[in-house]
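Structure file coords.txt (compact mmCIF, C-alpha atoms and all ligand atoms) follows.
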```txt
# COMPACT_ATOMS: atom_id res chain seq x y z
CA MET A 761 20.11 27.49 -12.40
CA ASP A 762 17.31 25.80 -10.41
CA GLY A 763 14.01 24.79 -12.00
CA MET A 764 11.19 27.27 -11.71
CA ASN A 765 7.93 25.96 -10.25
CA ILE A 766 6.09 29.25 -10.05
CA LYS A 767 3.61 30.70 -12.52
CA ASN A 768 4.24 34.07 -14.15
CA CYS A 769 8.02 33.97 -14.12
CA ARG A 770 10.98 32.37 -15.84
CA TYR A 771 14.71 32.80 -16.32
CA ILE A 772 16.22 34.56 -19.31
CA ARG A 773 19.85 33.89 -20.18
CA LEU A 774 21.52 36.65 -22.21
CA ASP A 775 23.93 35.99 -25.02
CA THR A 776 27.43 36.87 -23.94
CA ILE A 777 30.62 37.57 -25.81
CA ARG A 778 33.82 36.79 -23.96
CA ASP A 779 36.79 38.77 -25.14
CA GLY A 780 39.70 36.64 -24.01
CA ASN A 781 40.94 38.07 -20.72
CA ASP A 782 39.35 41.45 -21.47
CA GLY A 783 35.93 40.70 -20.00
CA VAL A 784 32.45 39.69 -21.00
CA LEU A 785 29.76 41.60 -22.85
CA SER A 786 26.09 40.65 -22.22
CA ILE A 787 23.40 41.77 -24.63
CA ALA A 788 19.73 42.57 -23.92
CA ASN A 789 17.49 43.43 -26.89
CA GLY A 790 13.93 44.72 -26.48
CA ASN A 791 11.26 42.52 -28.11
CA GLN A 792 13.89 39.85 -28.64
CA ASN A 793 15.52 38.20 -25.65
CA ILE A 794 13.71 40.76 -23.45
CA PRO A 795 10.14 39.81 -24.43
CA PHE A 796 8.64 43.33 -24.47
CA ASP A 797 9.32 46.90 -25.53
CA ILE A 798 11.65 48.29 -22.86
CA LYS A 799 10.16 51.62 -21.74
CA ARG A 800 12.01 52.13 -18.48
CA VAL A 801 15.28 51.02 -16.92
CA TYR A 802 16.10 51.49 -13.24
CA TYR A 803 18.63 50.07 -10.85
CA ILE A 804 18.81 49.44 -7.14
CA TYR A 805 22.08 49.73 -5.21
CA ASP A 806 23.49 50.81 -1.84
CA VAL A 807 21.13 48.41 -0.05
CA LYS A 808 22.14 47.81 3.54
CA HIS A 809 23.73 44.37 3.78
CA GLY A 810 21.52 41.68 5.24
CA GLU A 811 18.61 43.59 6.74
CA SER A 812 16.68 45.22 3.95
CA ILE A 813 13.69 43.67 2.22
CA ARG A 814 12.46 45.44 -0.91
CA GLY A 815 9.60 44.68 -3.27
CA LYS A 816 6.69 43.18 -1.30
CA HIS A 817 4.25 43.83 -4.13
CA ALA A 818 2.85 42.48 -7.39
CA HIS A 819 1.95 44.25 -10.62
CA LYS A 820 -1.35 44.18 -12.49
CA ALA A 821 0.04 44.71 -16.00
CA LEU A 822 3.77 45.48 -15.83
CA HIS A 823 6.36 43.04 -17.19
CA GLN A 824 9.88 43.25 -15.80
CA VAL A 825 13.22 41.48 -16.13
CA LEU A 826 15.69 41.69 -13.23
CA PHE A 827 19.44 41.25 -13.55
CA CYS A 828 21.81 41.17 -10.62
CA ILE A 829 24.75 42.70 -12.45
CA ARG A 830 26.92 42.80 -9.33
CA GLY A 831 26.79 40.92 -6.03
CA SER A 832 23.88 38.67 -5.14
CA VAL A 833 20.31 38.86 -3.93
CA GLU A 834 17.54 36.41 -3.09
CA ILE A 835 14.13 36.87 -4.69
CA VAL A 836 11.12 35.29 -3.00
CA LEU A 837 8.42 34.58 -5.60
CA ASP A 838 4.78 33.81 -4.87
CA ASP A 839 2.12 33.18 -7.53
CA GLY A 840 -0.70 32.96 -4.98
CA GLU A 841 -0.44 29.17 -4.79
CA LYS A 842 3.24 28.37 -4.49
CA ARG A 843 6.29 30.13 -3.14
CA GLN A 844 9.90 29.73 -4.26
CA THR A 845 13.15 31.50 -3.44
CA VAL A 846 15.67 32.02 -6.21
CA MET A 847 19.13 33.49 -6.03
CA LEU A 848 20.34 35.98 -8.61
CA ASP A 849 24.11 36.28 -8.74
CA LYS A 850 25.09 36.13 -12.41
CA PRO A 851 25.11 39.26 -14.61
CA ASP A 852 23.78 37.36 -17.65
CA LEU A 853 20.95 35.55 -15.83
CA GLY A 854 17.68 37.50 -15.81
CA LEU A 855 14.47 36.81 -13.94
CA TYR A 856 11.41 37.58 -16.08
CA MET A 857 8.47 38.53 -13.85
CA LEU A 858 5.04 38.76 -15.46
CA PRO A 859 1.98 40.44 -13.95
CA GLY A 860 0.38 38.63 -11.02
CA LEU A 861 3.53 37.64 -9.18
CA TRP A 862 4.15 38.69 -5.59
CA HIS A 863 7.87 39.16 -4.94
CA ASP A 864 10.36 40.49 -2.49
CA MET A 865 14.11 40.98 -2.68
CA ARG A 866 16.27 40.23 0.36
CA LYS A 867 19.78 39.22 1.50
CA PHE A 868 21.52 41.76 -0.70
CA ILE A 869 25.25 41.39 -0.21
CA GLU A 870 27.29 44.56 -0.04
CA GLY A 871 27.88 46.20 -3.41
CA THR A 872 24.92 44.49 -5.10
CA VAL A 873 23.42 46.22 -8.12
CA LEU A 874 20.02 45.07 -9.38
CA LEU A 875 19.16 46.26 -12.89
CA VAL A 876 15.52 46.19 -14.01
CA PHE A 877 14.00 46.48 -17.49
CA SER A 878 10.30 47.41 -17.46
CA SER A 879 7.57 47.29 -20.07
CA ASP A 880 6.06 50.60 -18.94
CA TYR A 881 6.62 53.81 -17.03
CA TYR A 882 6.15 53.98 -13.28
CA GLU A 883 2.48 53.97 -12.33
CA GLU A 884 1.53 53.49 -8.70
CA SER A 885 -1.97 52.28 -9.66
CA ASP A 886 -0.36 49.24 -11.31
CA TYR A 887 1.00 48.08 -7.92
CA ILE A 888 -0.74 45.65 -5.57
CA ARG A 889 0.96 46.34 -2.25
CA ASP A 890 -1.32 44.41 0.08
CA TYR A 891 -0.85 40.62 0.14
CA SER A 892 -4.51 39.79 0.75
CA ASP A 893 -5.48 42.07 -2.18
CA PHE A 894 -2.96 40.12 -4.26
CA LEU A 895 -4.59 36.80 -3.34
CA LYS A 896 -8.02 38.20 -4.28
CA HIS A 897 -6.55 39.47 -7.57
CA VAL A 898 -5.07 36.09 -8.60
CA LEU A 899 -8.26 34.29 -7.56
CA LYS A 900 -10.31 36.67 -9.74
CA ASP A 901 -7.96 36.04 -12.70
CA LYS A 902 -8.27 32.30 -12.20
CA LYS A 903 -12.09 32.48 -12.26
CA ASN A 904 -11.95 34.52 -15.48
CA ASP A 905 -9.59 32.08 -17.18
CA PRO A 906 -11.68 29.56 -19.18
CA VAL A 907 -8.77 27.03 -19.23
CA GLN A 908 -8.89 26.59 -15.44
P1 LIG A 1001 9.24 50.24 -5.40
O1 LIG A 1001 8.91 49.82 -6.79
O2 LIG A 1001 8.25 49.93 -4.31
O3 LIG A 1001 10.68 49.66 -5.00
P2 LIG A 1001 11.12 48.17 -4.63
O4 LIG A 1001 10.18 47.21 -5.29
O5 LIG A 1001 12.52 48.07 -5.13
O6 LIG A 1001 11.08 48.04 -3.14
O7 LIG A 1001 9.54 51.80 -5.42
C1 LIG A 1001 10.09 52.48 -4.30
C2 LIG A 1001 9.66 53.93 -4.39
O8 LIG A 1001 10.20 54.54 -5.56
C3 LIG A 1001 8.14 54.11 -4.48
O9 LIG A 1001 7.81 55.27 -3.70
C4 LIG A 1001 7.87 54.41 -5.91
C5 LIG A 1001 9.16 55.05 -6.39
N1 LIG A 1001 9.47 54.74 -7.80
C6 LIG A 1001 9.35 55.71 -8.77
O10 LIG A 1001 8.99 56.87 -8.49
N2 LIG A 1001 9.66 55.41 -10.07
C7 LIG A 1001 10.06 54.17 -10.44
O11 LIG A 1001 10.35 53.92 -11.65
C8 LIG A 1001 10.17 53.15 -9.43
C9 LIG A 1001 10.62 51.75 -9.76
C10 LIG A 1001 9.85 53.47 -8.12
```

Represent the structure of the file as structure tokens.
Ligand code: TYD
Amino acid sequence: MDGMNIKNCRYIRLDTIRDGNDGVLSIANGNQNIPFDIKRVYYIYDVKHGESIRGKHAHKALHQVLFCIRGSVEIVLDDGEKRQTVMLDKPDLGLYMLPGLWHDMRKFIEGTVLLVFSSDYYEESDYIRDYSDFLKHVLKDKKNDPVQ
């Protein structure tokens, strides 16, 4: 697990219970190891190997945790100042993405399943889908933050 140098995201490692040779059980609890009330769960699969790039947006208020429960995928993260690529390929390793984080998902290998826990229902007005709007948004937040 590489270090994370980007604002508004971090890894979450789930507790797991290994049952001898009978497999592993990973546990996600809302408001505990998932740091919000889980209102929505969705999953992405059947992505064409290699070519597809998903995401390409940020959220204004939504919190999400991504788990690659099968296969592997690269996530490119951008907080408006720095960019970092992380690989998700372990079912118990989540990527917690807070609001104000531009991201895309790419290099899905065949059979990959990406499971997402969300803090709220789908709301298109919560999306920032234009990168220059995203940069304006993070700059505005920075100006409003008295610590900066
Ligand atoms: P989007 O979040 O842009 O997908 P990704 O980030 O994986 O590329 O959503 C793709 C489309 O699906 C978009 O038209 C919105 C729709 N959608 C819903 O209707 N409900 C949902 O819960 C989600 C996640 C997406």

Could you list, with a cut-off of 12 Å and counting all atoms listed in the file, the residues of chain A near ligand LIG 1001 (chain A), each shown with its nearest atom pair and the distance in Å rounded to one decimal, rows sorted by chain and ascending number, as a tab-separated table?
```
residue	atom	partner	partner_atom	distance
A:Lys799	CA	A:LIG1001	O11	10.4
A:Arg800	CA	A:LIG1001	O11	7.3
A:Val801	CA	A:LIG1001	O11	7.8
A:Tyr802	CA	A:LIG1001	O11	6.4
A:Tyr803	CA	A:LIG1001	C9	8.3
A:Ile804	CA	A:LIG1001	O5	6.7
A:Tyr805	CA	A:LIG1001	O5	9.7
A:Asp806	CA	A:LIG1001	O5	11.8
A:Val807	CA	A:LIG1001	O5	10.0
A:Ser812	CA	A:LIG1001	O6	9.5
A:Ile813	CA	A:LIG1001	O6	7.4
A:Arg814	CA	A:LIG1001	O6	3.7
A:Gly815	CA	A:LIG1001	O4	3.3
A:Lys816	CA	A:LIG1001	O4	6.7
A:His817	CA	A:LIG1001	O4	6.9
A:Ala818	CA	A:LIG1001	O4	9.0
A:His819	CA	A:LIG1001	O1	9.7
A:Leu822	CA	A:LIG1001	C9	11.1
A:Gln824	CA	A:LIG1001	C9	10.5
A:Leu826	CA	A:LIG1001	O5	10.8
A:Ile835	CA	A:LIG1001	O4	11.1
A:Trp862	CA	A:LIG1001	O4	10.4
A:His863	CA	A:LIG1001	O4	8.4
A:Asp864	CA	A:LIG1001	O4	7.3
A:Met865	CA	A:LIG1001	O5	7.7
A:Arg866	CA	A:LIG1001	O6	10.0
A:Phe868	CA	A:LIG1001	O5	11.9
A:Val873	CA	A:LIG1001	O5	11.5
A:Leu874	CA	A:LIG1001	O5	9.1
A:Leu875	CA	A:LIG1001	O5	10.4
A:Val876	CA	A:LIG1001	C9	8.5
A:Phe877	CA	A:LIG1001	C9	9.9
A:Ser878	CA	A:LIG1001	O11	8.7
A:Ser879	CA	A:LIG1001	O11	11.1
A:Asp880	CA	A:LIG1001	O11	9.1
A:Tyr881	CA	A:LIG1001	O11	6.5
A:Tyr882	CA	A:LIG1001	O11	4.5
A:Glu883	CA	A:LIG1001	N2	7.7
A:Glu884	CA	A:LIG1001	C4	7.0
A:Ser885	CA	A:LIG1001	C4	10.7
A:Asp886	CA	A:LIG1001	O1	10.3
A:Tyr887	CA	A:LIG1001	O1	8.2
A:Ile888	CA	A:LIG1001	O2	10.0
A:Arg889	CA	A:LIG1001	O2	8.4
A:Asp890	CA	A:LIG1001	O2	11.9
```

Once you have the residues from the selection above, write them out as a PDB file, keeping the file's coordinate frame, restricted to C-alpha atoms.
```pdb
ATOM      1  CA  LYS A 799      10.160  51.620 -21.740  1.00  0.00           C
ATOM      2  CA  ARG A 800      12.010  52.130 -18.480  1.00  0.00           C
ATOM      3  CA  VAL A 801      15.280  51.020 -16.920  1.00  0.00           C
ATOM      4  CA  TYR A 802      16.100  51.490 -13.240  1.00  0.00           C
ATOM      5  CA  TYR A 803      18.630  50.070 -10.850  1.00  0.00           C
ATOM      6  CA  ILE A 804      18.810  49.440  -7.140  1.00  0.00           C
ATOM      7  CA  TYR A 805      22.080  49.730  -5.210  1.00  0.00           C
ATOM      8  CA  ASP A 806      23.490  50.810  -1.840  1.00  0.00           C
ATOM      9  CA  VAL A 807      21.130  48.410  -0.050  1.00  0.00           C
ATOM     10  CA  SER A 812      16.680  45.220   3.950  1.00  0.00           C
ATOM     11  CA  ILE A 813      13.690  43.670   2.220  1.00  0.00           C
ATOM     12  CA  ARG A 814      12.460  45.440  -0.910  1.00  0.00           C
ATOM     13  CA  GLY A 815       9.600  44.680  -3.270  1.00  0.00           C
ATOM     14  CA  LYS A 816       6.690  43.180  -1.300  1.00  0.00           C
ATOM     15  CA  HIS A 817       4.250  43.830  -4.130  1.00  0.00           C
ATOM     16  CA  ALA A 818       2.850  42.480  -7.390  1.00  0.00           C
ATOM     17  CA  HIS A 819       1.950  44.250 -10.620  1.00  0.00           C
ATOM     18  CA  LEU A 822       3.770  45.480 -15.830  1.00  0.00           C
ATOM     19  CA  GLN A 824       9.880  43.250 -15.800  1.00  0.00           C
ATOM     20  CA  LEU A 826      15.690  41.690 -13.230  1.00  0.00           C
ATOM     21  CA  ILE A 835      14.130  36.870  -4.690  1.00  0.00           C
ATOM     22  CA  TRP A 862       4.150  38.690  -5.590  1.00  0.00           C
ATOM     23  CA  HIS A 863       7.870  39.160  -4.940  1.00  0.00           C
ATOM     24  CA  ASP A 864      10.360  40.490  -2.490  1.00  0.00           C
ATOM     25  CA  MET A 865      14.110  40.980  -2.680  1.00  0.00           C
ATOM     26  CA  ARG A 866      16.270  40.230   0.360  1.00  0.00           C
ATOM     27  CA  PHE A 868      21.520  41.760  -0.700  1.00  0.00           C
ATOM     28  CA  VAL A 873      23.420  46.220  -8.120  1.00  0.00           C
ATOM     29  CA  LEU A 874      20.020  45.070  -9.380  1.00  0.00           C
ATOM     30  CA  LEU A 875      19.160  46.260 -12.890  1.00  0.00           C
ATOM     31  CA  VAL A 876      15.520  46.190 -14.010  1.00  0.00           C
ATOM     32  CA  PHE A 877      14.000  46.480 -17.490  1.00  0.00           C
ATOM     33  CA  SER A 878      10.300  47.410 -17.460  1.00  0.00           C
ATOM     34  CA  SER A 879       7.570  47.290 -20.070  1.00  0.00           C
ATOM     35  CA  ASP A 880       6.060  50.600 -18.940  1.00  0.00           C
ATOM     36  CA  TYR A 881       6.620  53.810 -17.030  1.00  0.00           C
ATOM     37  CA  TYR A 882       6.150  53.980 -13.280  1.00  0.00           C
ATOM     38  CA  GLU A 883       2.480  53.970 -12.330  1.00  0.00           C
ATOM     39  CA  GLU A 884       1.530  53.490  -8.700  1.00  0.00           C
ATOM     40  CA  SER A 885      -1.970  52.280  -9.660  1.00  0.00           C
ATOM     41  CA  ASP A 886      -0.360  49.240 -11.310  1.00  0.00           C
ATOM     42  CA  TYR A 887       1.000  48.080  -7.920  1.00  0.00           C
ATOM     43  CA  ILE A 888      -0.740  45.650  -5.570  1.00  0.00           C
ATOM     44  CA  ARG A 889       0.960  46.340  -2.250  1.00  0.00           C
ATOM     45  CA  ASP A 890      -1.320  44.410   0.080  1.00  0.00           C
TER      46      ASP A 890
END
```

Check: Could you name the residues that touch segment 844-853 of chain A at 12 Å or less, counting all atoms listed in the file, but leaving out those on the same chain fewer than 3 positions away, as a count of residues only?
Finding: 57

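Interatomic distance, atom CA of Gly810 of chain A to atom CA of Met857 of chain A: 23.3 Å.
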
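Distance-wise, atom CA of Leu855 of chain A and atom CA of His809 of chain A end up 21.4 Å apart.
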
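Here atom CA of Lys842 of chain A and atom CA of Lys900 of chain A stand 16.7 Å from one another.
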